[in-house]
$ cat upload.txt   # compact mmCIF, C-alpha atoms
# COMPACT_ATOMS: atom_id res chain seq x y z
CA HIS A 238 10.29 -6.72 -25.64
CA ASP A 239 7.90 -3.92 -24.72
CA ALA A 240 7.27 -3.25 -21.05
CA ARG A 241 3.69 -2.89 -19.92
CA LEU A 242 2.63 -0.87 -16.91
CA TYR A 243 -0.40 -1.84 -14.87
CA GLY A 244 -1.90 0.22 -12.09
CA SER A 245 -4.24 -0.72 -9.31
CA ALA A 246 -5.73 1.14 -6.36
CA SER A 247 -5.83 -2.19 -4.54
CA ILE A 248 -2.63 -3.27 -2.78
CA SER A 249 -3.90 -6.85 -2.61
CA THR A 250 -4.57 -6.89 -6.37
CA ALA A 251 -1.13 -5.47 -7.13
CA ALA A 252 0.48 -8.03 -4.80
CA ARG A 253 -1.47 -10.83 -6.48
CA MET A 254 -0.28 -9.68 -9.91
CA VAL A 255 3.33 -9.84 -8.71
CA ARG A 256 2.73 -13.22 -7.01
CA ASP A 257 1.20 -14.56 -10.24
CA GLY A 258 4.34 -13.61 -12.16
CA ILE A 259 2.92 -10.75 -14.19
CA GLY A 260 5.90 -8.63 -13.20
CA VAL A 261 7.49 -6.71 -10.37
CA GLY A 262 5.88 -4.05 -8.24
CA VAL A 263 6.69 -1.20 -5.92
CA LEU A 264 4.65 -2.11 -2.87
CA ALA A 265 4.77 -1.07 0.78
CA PRO A 266 6.31 -3.89 2.85
CA ALA A 267 4.16 -2.90 5.82
CA ALA A 268 1.06 -3.90 3.85
CA LEU A 269 2.58 -7.22 2.77
CA ARG A 270 3.86 -8.72 6.02
CA HIS A 271 1.99 -12.00 5.52
CA GLU A 272 3.11 -12.46 1.92
CA LEU A 273 6.72 -11.64 2.79
CA SER A 274 6.87 -13.91 5.85
CA ALA A 275 5.20 -16.76 3.92
CA GLY A 276 7.76 -16.41 1.12
CA GLN A 277 5.06 -15.60 -1.44
CA LEU A 278 6.82 -12.33 -2.24
CA ARG A 279 10.40 -11.25 -1.71
CA PRO A 280 11.98 -7.82 -1.72
CA ILE A 281 14.62 -6.91 -4.25
CA GLU A 282 17.19 -4.19 -3.72
CA VAL A 283 17.27 -1.50 -6.39
CA ALA A 284 19.82 1.28 -6.53
CA SER A 285 17.81 4.39 -7.27
CA GLU A 286 16.68 7.69 -5.90
CA PRO A 287 14.09 7.41 -3.12
CA LEU A 288 10.49 7.37 -4.29
CA PRO A 289 8.47 10.49 -3.52
CA ASP A 290 6.10 10.45 -0.57
CA LEU A 291 2.48 9.63 -1.36
CA ALA A 292 -0.47 11.72 -0.32
CA PHE A 293 -3.88 10.23 0.41
CA THR A 294 -7.25 11.79 1.05
CA ALA A 295 -10.49 10.54 2.57
CA SER A 296 -13.80 12.08 1.60
CA TRP A 297 -17.37 11.39 2.68
CA LEU A 298 -20.71 13.14 2.87
CA ARG A 299 -21.33 14.74 6.23
CA GLY A 300 -24.55 13.57 7.81
CA SER A 301 -26.04 11.90 10.84
CA ASP A 302 -24.30 8.62 9.96
CA SER A 303 -20.91 10.09 9.07
CA HIS A 304 -19.29 9.14 12.38
CA VAL A 305 -18.09 5.79 10.99
CA PRO A 306 -16.21 7.17 7.97
CA ALA A 307 -14.74 9.91 10.17
CA ALA A 308 -13.51 7.31 12.67
CA VAL A 309 -12.03 5.19 9.87
CA ALA A 310 -10.22 8.24 8.46
CA ARG A 311 -8.78 9.08 11.90
CA LEU A 312 -7.65 5.48 12.33
CA ALA A 313 -6.01 5.48 8.88
CA VAL A 314 -4.09 8.65 9.76
CA GLN A 315 -2.87 7.09 13.01
CA VAL A 316 -1.79 3.85 11.29
CA ALA A 317 0.06 5.83 8.60
CA ARG A 318 1.87 7.86 11.28
CA ASP A 319 2.76 4.73 13.26
CA GLU A 320 4.03 2.89 10.16
CA GLY A 321 6.02 5.93 9.09
CA ALA A 322 7.66 6.11 12.50
CA ASP A 323 8.41 2.35 12.39
CA SER A 324 10.04 2.57 8.97
CA LYS A 325 12.39 5.33 10.13
CA SER A 326 13.70 3.43 13.15

$ encode --input "upload.txt" --output "structure tokens"
Amino acid sequence: HDARLYGSASISTAARMVRDGIGVGVLAPAALRHELSAGQLRPIEVASEPLPDLAFTASWLRGSDSHVPAAVARLAVQVARDEGADSKS
């Protein structure tokens, strides 16, 4: 049986694919609190090397209305830092 790999930039789409039985996924538990607490998804333990850290970027055109994307990018950085600190405690 050949394995198929699917990719998605959308965490909710990837979670839905797992929930619909398409396969398993490597997803951040912090982004799936509702699905995990509702029993829609469940974690499985896998003995392996740790996954590498991910790097994200945010880009937007600078202009008179660029304060909103800049604020969203700052908020995303803060949430990522907070979640990273939570996962290490």

$ residues_around --input "upload.txt" --residues "range 314-320 of chain A" --least-positions-apart "6" --cutoff "12 Å" --atoms "all atoms listed in the file" --output "MDAnalysis selection string"
chainID A and resid 265:268 290:295 307:308 326

$ closest_residue --input "upload.txt" --among "A:Pro287, A:Leu278, A:Leu264, A:Gly258" --to "Gly244 in chain A" --atoms "only C-alpha atoms"
A:Leu264

$ atom_distance --input "upload.txt" --atom1 "CA of Glu286 in chain A" --atom2 "CA of Arg241 in chain A"
21.8 Å

$ residues_around --input "upload.txt" --residues "Met254 in chain A" --least-positions-apart "5" --cutoff "12 Å" --atoms "all atoms listed in the file" --output "NGL selection string"
:A and (242-245 or 247-249 or 259-264 or 277-278)

$ write_last_selection --input "upload.txt" --atoms "C-alpha atoms" --output "PDB file, in the coordinates of the input"
ATOM      1  CA  LEU A 242       2.630  -0.870 -16.910  1.00  0.00           C
ATOM      2  CA  TYR A 243      -0.400  -1.840 -14.870  1.00  0.00           C
ATOM      3  CA  GLY A 244      -1.900   0.220 -12.090  1.00  0.00           C
ATOM      4  CA  SER A 245      -4.240  -0.720  -9.310  1.00  0.00           C
ATOM      5  CA  SER A 247      -5.830  -2.190  -4.540  1.00  0.00           C
ATOM      6  CA  ILE A 248      -2.630  -3.270  -2.780  1.00  0.00           C
ATOM      7  CA  SER A 249      -3.900  -6.850  -2.610  1.00  0.00           C
ATOM      8  CA  ILE A 259       2.920 -10.750 -14.190  1.00  0.00           C
ATOM      9  CA  GLY A 260       5.900  -8.630 -13.200  1.00  0.00           C
ATOM     10  CA  VAL A 261       7.490  -6.710 -10.370  1.00  0.00           C
ATOM     11  CA  GLY A 262       5.880  -4.050  -8.240  1.00  0.00           C
ATOM     12  CA  VAL A 263       6.690  -1.200  -5.920  1.00  0.00           C
ATOM     13  CA  LEU A 264       4.650  -2.110  -2.870  1.00  0.00           C
ATOM     14  CA  GLN A 277       5.060 -15.600  -1.440  1.00  0.00           C
ATOM     15  CA  LEU A 278       6.820 -12.330  -2.240  1.00  0.00           C
TER      16      LEU A 278
END

$ atom_distance --input "upload.txt" --atom1 "CA of Pro280 in chain A" --atom2 "CA of Gly321 in chain A"
18.5 Å

$ atom_distance --input "upload.txt" --atom1 "CA of Ser274 in chain A" --atom2 "CA of Val255 in chain A"
15.5 Å
